[in-house]
Amino acid sequence: MADVVSAPQPEDLAGLLERARHWCAHDPAPAERAALSALIEQAQAGEAEALADLASRFTGPLTFGTAGLRGAVGAGETRMNRAVVARATFGLMGYLNGIVEEPRVVIGCDARHGSADFARTVAQVVAAAGGRALVLPAQLPTPVLAYAVRDLQADAGVMVTASHNPPADNGYKVYLGGRVAQDEARGVQIVPPADRLIAENIAAAPPADQIPGVPSDDDGVLEQPEDAKIVLLDHGVVAGYVGRAASLAGSQLDADISIVLTPLHGVGGQLACDVLATAGFPEVQLVPEQAEPDPDFPTVAFPNPEEPGALDLALDLARRSDADVVIALDPDADRCSVATPDPSAPGGWRQLTGDELGALLGEQAAQRTAQEGDPDTAVLACSIVSSRQLARIAAAHGCQHATTLTGFKWIARTPGIVFGYEEAIGYCTDPGYVRDKDGIGTAVRVAALVAQLRSQGRTLCDALDDLARRDGLHATSQVSFRVSDLQLIGDAMARLRQNPPTVLADSAVVEVADLARGYAGLLPTDGLLLRTERDDRVIVRPSGTEPKLKCYLEVILAACDGRVPRDAAQQRLRQLEKDVSAVVAL
């Protein structure tokens with residue numbers, strides 16, 4: 001996501017115009033060349049808005065890191081466009097060619113603006129650079145790409161998606177596998193040093209129009225050449241994914257449940273319905289206004305199931321149809337959120353937090369592992385900003401627990417993992433086949449759990465209360481600060497490190513840990529952990545994908561005489577939120 005950039009000073013204008021003209025001269029896309037050329041003319045004429053716009057497009061290359069690339073679609077070096085995608089793919093192939101001969105790269109894309117064109121660019125550059133491009137059918141979820149990397153034994157995977165970012169954005173996500181990655185790392189997103197080495201190759205790439213294979217037309221169709229350097233895959237891989245995901249349901253005592261599902265205008269709707277029907281859950285109602293892919297996401301302010309209001313249409317349909325559960329996928333269907341009937345909640349429905357669903361699925365995985373006979377080597381994993389409850393669940397069933405850095409690039413490569421999650425509604429429920437978060441696989445696991453509980457006359461709320469009575473109530477929330485100037489985040493982190501709070505929610509702070517120095521065996525990462533005498537915990541860290549400072553809060557309260565103290569926990573969370581907001585002061 002591009003930062004807000006002011007118009008350049010006169011002494012900077014000549015350099016800006018020179019960079020922009022050079023980029024424009026080598027942009028392979030006619031439409032983007034024309035748009036950029038017009039913008040340059042307006043900026044040269046002194047139009048203030050054009051100057052600021054041009055400056056925002058040339059503040060430096062779009063950074064390639066462990067999240068790959070993300071940015072607004074448009075012309076310029078800080079935007080997502082054919083030239084940026086071509087240079088990224090050239091760099092990726094330089095890295096892969098240095099390790100293996102004729103790298104096999106599987107390629108997928110969602111339905112965002114530019115996705116099909118960018119996927120075509122990836123395929124043609126891969127083929128021209130000596131690789132073999134295995135191209136999935138268009139408009140598929142990210143978990144299918146992650147599945148395909150392992151299923152096809154590909155050396156790498158590229159997914160063109162910006163997940164749940166705003167409509168203007170697109171992105172480029174890289175997985176390694178086959179001969180390039182080992183064991184648990186096969187089919188997982190890149191981590192250091194691969195990201196750095198790929199970035200170095202990208203920096204050394206020539207201008208985009210000098211890269212072999214880059215398409216120069218705006219409306220071309222990807223074709224399969226006779227030399228088999230580009231292979232247009234049929235739906236066989238998709239069918240394999242459907243069968244595997246459906247198998248996660250196991251045997252059901254009562255599969256006759258009613259599900260309302262929304263893909264939030266993304267690419268997961270029909271495929272999720274197919275998977276659920278195959279798993280024995282045919283009674284699925286898609287939210288009609290959000291059922292079809294639409295890159296403009298017209299019914300939501302922000303296409304993320306966690307955002308306030310995103311589930312409103314789904315909840316309205318669930319109330320009208322007396323559904324048993326609401327399942328929401330994000331636009332590329334790698335994340336999943338769930339709402340359940342709850343008479344005590346406003347409107348009679350309660351949307352679970354990412355940590356609550358993580359606890360339910362973690363308990364489900366631990367029980368399954370114990371039943372299958374060897375829990376000692378099974379690992380439940382979660383990120384450091386997720387709830388500490390998963391560790392207690394693992395201990396209750398004799399399983400192991402691992403805490404990782406934030407992101408599935410770390411969670412999914414945990415040795416021995418049988419389940420992993422992060423609080424941002426991402427769940428790895430079948431790591432043997434999809435070594436990433438998978439919203440559709442999660443939907444199947446949730447449907448199976450709802451069916452099992454209903455056969456016992458119970459609900460997801462009842463299951464959460466059972467866990468709270470056994471493990472203590474772990475209540476979590478988050479405070480986020482979105483900024484237009486990233487320097488504000490760095491300044492806030494510096495202030496907190498220099499002068500951390502001594503009291504939070506009327507409890508003395510007894511631990512202050514700078515995660516940048518490493519913590520509990522983890523690699524250094526930018527963040528600060530605070531823990532109070534009451535065992536409340538706050539972690540403050542910059543977002544890895546958005547211009548946000550995030551604060552993750554958790555309180556733990558014991559049940560008393562079988563009563564779960566939810567009101568008391570919410571009161572304490574609200575006090576924590578107030579205190580943390582005052583300390584961060586953004």
# chains A, B, ... in the order shown; residues from 1 in each chain; ligands from 1

call {"tool": "residues_around", "arguments": {"residues": "Gly130 (chain A)", "least_positions_apart": "2", "cutoff": "6 Å", "atoms": "only C-alpha atoms", "output": "ChimeraX atom specification"}}
result
/A:102,127-128

call {"tool": "residues_around", "arguments": {"residues": "region 451-464 of chain A", "least_positions_apart": "6", "cutoff": "9 Å", "atoms": "only C-alpha atoms", "output": "PyMOL selection string"}}
result
chain A and resi 252-257+324+340-342+350+356-357+359-360+473

call {"tool": "write_last_selection", "arguments": {"atoms": "N, CA and C atoms", "output": "mmCIF file, in the first residue's frame"}}
result
data_model
loop_
_atom_site.group_PDB
_atom_site.id
_atom_site.type_symbol
_atom_site.label_atom_id
_atom_site.label_comp_id
_atom_site.auth_asym_id
_atom_site.auth_seq_id
_atom_site.Cartn_x
_atom_site.Cartn_y
_atom_site.Cartn_z
ATOM 1 N N GLN A 252 -19.663 -38.250 10.148
ATOM 2 C CA GLN A 252 -20.538 -37.326 10.847
ATOM 3 C C GLN A 252 -21.725 -38.041 11.499
ATOM 4 N N LEU A 253 -22.004 -37.648 12.751
ATOM 5 C CA LEU A 253 -23.201 -38.159 13.410
ATOM 6 C C LEU A 253 -24.447 -37.431 12.918
ATOM 7 N N ASP A 254 -24.303 -36.142 12.610
ATOM 8 C CA ASP A 254 -25.442 -35.331 12.201
ATOM 9 C C ASP A 254 -24.930 -34.257 11.249
ATOM 10 N N ALA A 255 -24.902 -34.572 9.954
ATOM 11 C CA ALA A 255 -24.379 -33.631 8.966
ATOM 12 C C ALA A 255 -25.462 -32.726 8.407
ATOM 13 N N ASP A 256 -26.691 -32.876 8.882
ATOM 14 C CA ASP A 256 -27.804 -32.106 8.340
ATOM 15 C C ASP A 256 -27.873 -30.737 9.017
ATOM 16 N N ILE A 257 -26.845 -29.944 8.790
ATOM 17 C CA ILE A 257 -26.815 -28.603 9.375
ATOM 18 C C ILE A 257 -26.949 -27.569 8.262
ATOM 19 N N ASP A 324 -27.470 -22.720 11.245
ATOM 20 C CA ASP A 324 -26.717 -23.226 12.389
ATOM 21 C C ASP A 324 -25.373 -22.518 12.558
ATOM 22 N N THR A 340 -21.819 -17.756 15.339
ATOM 23 C CA THR A 340 -22.660 -18.830 15.866
ATOM 24 C C THR A 340 -23.855 -18.232 16.604
ATOM 25 N N PRO A 341 -24.991 -18.921 16.616
ATOM 26 C CA PRO A 341 -26.128 -18.421 17.394
ATOM 27 C C PRO A 341 -25.772 -18.288 18.876
ATOM 28 N N ASP A 342 -26.192 -17.173 19.468
ATOM 29 C CA ASP A 342 -25.930 -16.924 20.877
ATOM 30 C C ASP A 342 -27.030 -15.992 21.388
ATOM 31 N N ARG A 350 -23.189 -14.320 17.508
ATOM 32 C CA ARG A 350 -21.890 -13.918 18.032
ATOM 33 C C ARG A 350 -20.793 -14.325 17.053
ATOM 34 N N GLU A 356 -10.627 -17.487 19.600
ATOM 35 C CA GLU A 356 -11.662 -18.439 20.027
ATOM 36 C C GLU A 356 -11.789 -19.586 19.032
ATOM 37 N N LEU A 357 -11.818 -19.270 17.741
ATOM 38 C CA LEU A 357 -11.897 -20.338 16.745
ATOM 39 C C LEU A 357 -10.610 -21.165 16.753
ATOM 40 N N ALA A 359 -8.843 -21.853 19.365
ATOM 41 C CA ALA A 359 -8.935 -22.773 20.508
ATOM 42 C C ALA A 359 -9.835 -23.954 20.189
ATOM 43 N N LEU A 360 -10.987 -23.698 19.550
ATOM 44 C CA LEU A 360 -11.898 -24.793 19.204
ATOM 45 C C LEU A 360 -11.254 -25.768 18.229
ATOM 46 N N LEU A 473 -10.418 -18.700 31.283
ATOM 47 C CA LEU A 473 -10.933 -17.907 30.171
ATOM 48 C C LEU A 473 -9.812 -17.026 29.624
#

call {"tool": "residues_around", "arguments": {"residues": "Ala323 (chain A)", "least_positions_apart": "3", "cutoff": "9 Å", "atoms": "only C-alpha atoms", "output": "list in words"}}
result
Ile257, Ser258, Ile259, Val260, Leu317, Ala318, Arg319, Arg320, Val326, Thr340 and Pro341 of chain A

call {"tool": "atom_distance", "arguments": {"atom1": "CA of Cys24 (chain A)", "atom2": "CA of Leu51 (chain A)"}}
result
15.6 Å

call {"tool": "select_by_dssp", "arguments": {"residues": "region 143-183 of chain A", "states": "alpha helix (DSSP H)", "output": "ChimeraX atom specification"}}
result
/A:143-151

call {"tool": "closest_residue", "arguments": {"among": "A:Pro30, A:Gly521, A:Gly441, A:Pro137", "to": "Leu248 (chain A)", "atoms": "only C-alpha atoms"}}
result
A:Gly441

call {"tool": "select_by_dssp", "arguments": {"residues": "region 21-209 of chain A", "states": "strand (DSSP E or B)", "output": "PyMOL selection string"}}
result
chain A and resi 65+68-73+80+104-109+132-135+156-160+169-176+188-189

call {"tool": "closest_residue", "arguments": {"among": "A:Ala123, A:Ala72, A:Ala146, A:Ala513", "to": "Asp169 (chain A)", "atoms": "only C-alpha atoms"}}
result
A:Ala72

call {"tool": "closest_residue", "arguments": {"among": "A:Ala279, A:Leu553, A:Ala154, A:Ala67", "to": "Ser386 (chain A)", "atoms": "only C-alpha atoms"}}
result
A:Leu553

call {"tool": "residues_around", "arguments": {"residues": "Pro288 (chain A)", "least_positions_apart": "2", "cutoff": "10 Å", "atoms": "only C-alpha atoms", "output": "list in words"}}
result
Leu261, Thr262, His265, Gln285, Leu286, Gln290, Ala291, Glu292, Leu313, Ala314 and Leu317 of chain A

call {"tool": "closest_residue", "arguments": {"among": "A:Val444, A:Leu271, A:Ala249, A:Leu69", "to": "Arg87 (chain A)", "atoms": "only C-alpha atoms"}}
result
A:Leu69

call {"tool": "residues_around", "arguments": {"residues": "Ala25 (chain A)", "least_positions_apart": "6", "cutoff": "12 Å", "atoms": "only C-alpha atoms", "output": "ChimeraX atom specification"}}
result
/A:18-19,32-34,36-37,40,75-76,83,207-210

call {"tool": "write_last_selection", "arguments": {"atoms": "N, CA and C atoms", "output": "PDB file, in the first residue's frame"}}
result
ATOM      1  N   GLU A  18      13.146  12.514 -14.304  1.00  0.00           N
ATOM      2  CA  GLU A  18      14.074  11.633 -15.026  1.00  0.00           C
ATOM      3  C   GLU A  18      13.765  10.172 -14.743  1.00  0.00           C
ATOM      4  N   ARG A  19      13.529   9.835 -13.459  1.00  0.00           N
ATOM      5  CA  ARG A  19      13.193   8.448 -13.110  1.00  0.00           C
ATOM      6  C   ARG A  19      11.884   8.025 -13.763  1.00  0.00           C
ATOM      7  N   GLU A  32      -0.466   1.545 -19.531  1.00  0.00           N
ATOM      8  CA  GLU A  32       0.257   2.153 -18.416  1.00  0.00           C
ATOM      9  C   GLU A  32       1.257   3.191 -18.916  1.00  0.00           C
ATOM     10  N   ARG A  33       1.887   2.937 -20.056  1.00  0.00           N
ATOM     11  CA  ARG A  33       2.786   3.937 -20.642  1.00  0.00           C
ATOM     12  C   ARG A  33       2.036   5.232 -20.938  1.00  0.00           C
ATOM     13  N   ALA A  34       0.850   5.078 -21.516  1.00  0.00           N
ATOM     14  CA  ALA A  34       0.064   6.261 -21.871  1.00  0.00           C
ATOM     15  C   ALA A  34      -0.354   7.034 -20.624  1.00  0.00           C
ATOM     16  N   LEU A  36       1.060   7.028 -17.638  1.00  0.00           N
ATOM     17  CA  LEU A  36       2.223   7.615 -16.983  1.00  0.00           C
ATOM     18  C   LEU A  36       2.761   8.803 -17.781  1.00  0.00           C
ATOM     19  N   SER A  37       2.742   8.695 -19.092  1.00  0.00           N
ATOM     20  CA  SER A  37       3.209   9.795 -19.934  1.00  0.00           C
ATOM     21  C   SER A  37       2.358  11.047 -19.712  1.00  0.00           C
ATOM     22  N   ILE A  40       3.243  12.562 -16.342  1.00  0.00           N
ATOM     23  CA  ILE A  40       4.529  13.269 -16.396  1.00  0.00           C
ATOM     24  C   ILE A  40       4.341  14.660 -16.998  1.00  0.00           C
ATOM     25  N   ALA A  75       0.652   2.366 -12.796  1.00  0.00           N
ATOM     26  CA  ALA A  75       1.975   2.516 -13.387  1.00  0.00           C
ATOM     27  C   ALA A  75       2.945   3.124 -12.378  1.00  0.00           C
ATOM     28  N   GLY A  76       4.213   2.707 -12.453  1.00  0.00           N
ATOM     29  CA  GLY A  76       5.241   3.258 -11.580  1.00  0.00           C
ATOM     30  C   GLY A  76       5.913   2.197 -10.745  1.00  0.00           C
ATOM     31  N   ALA A  83       5.300  -4.424 -15.393  1.00  0.00           N
ATOM     32  CA  ALA A  83       6.741  -4.236 -15.306  1.00  0.00           C
ATOM     33  C   ALA A  83       7.292  -4.738 -13.968  1.00  0.00           C
ATOM     34  N   PRO A 207      15.590  -3.372 -17.278  1.00  0.00           N
ATOM     35  CA  PRO A 207      14.265  -2.789 -17.467  1.00  0.00           C
ATOM     36  C   PRO A 207      13.286  -3.816 -18.015  1.00  0.00           C
ATOM     37  N   ALA A 208      12.014  -3.647 -17.684  1.00  0.00           N
ATOM     38  CA  ALA A 208      11.021  -4.697 -17.956  1.00  0.00           C
ATOM     39  C   ALA A 208      10.927  -5.071 -19.425  1.00  0.00           C
ATOM     40  N   ASP A 209      11.041  -4.080 -20.332  1.00  0.00           N
ATOM     41  CA  ASP A 209      10.876  -4.400 -21.751  1.00  0.00           C
ATOM     42  C   ASP A 209      12.068  -5.152 -22.320  1.00  0.00           C
ATOM     43  N   GLN A 210      13.141  -5.302 -21.522  1.00  0.00           N
ATOM     44  CA  GLN A 210      14.309  -6.072 -21.950  1.00  0.00           C
ATOM     45  C   GLN A 210      14.320  -7.485 -21.361  1.00  0.00           C
TER      46      GLN A 210
END

call {"tool": "closest_residue", "arguments": {"among": "A:Lys550, A:Arg470, A:Arg537, A:Arg572", "to": "Asp506 (chain A)", "atoms": "only C-alpha atoms"}}
result
A:Arg572

call {"tool": "closest_residue", "arguments": {"among": "A:Gln389, A:Tyr433, A:Asp485, A:Gly68", "to": "Leu557 (chain A)", "atoms": "only C-alpha atoms"}}
result
A:Gln389
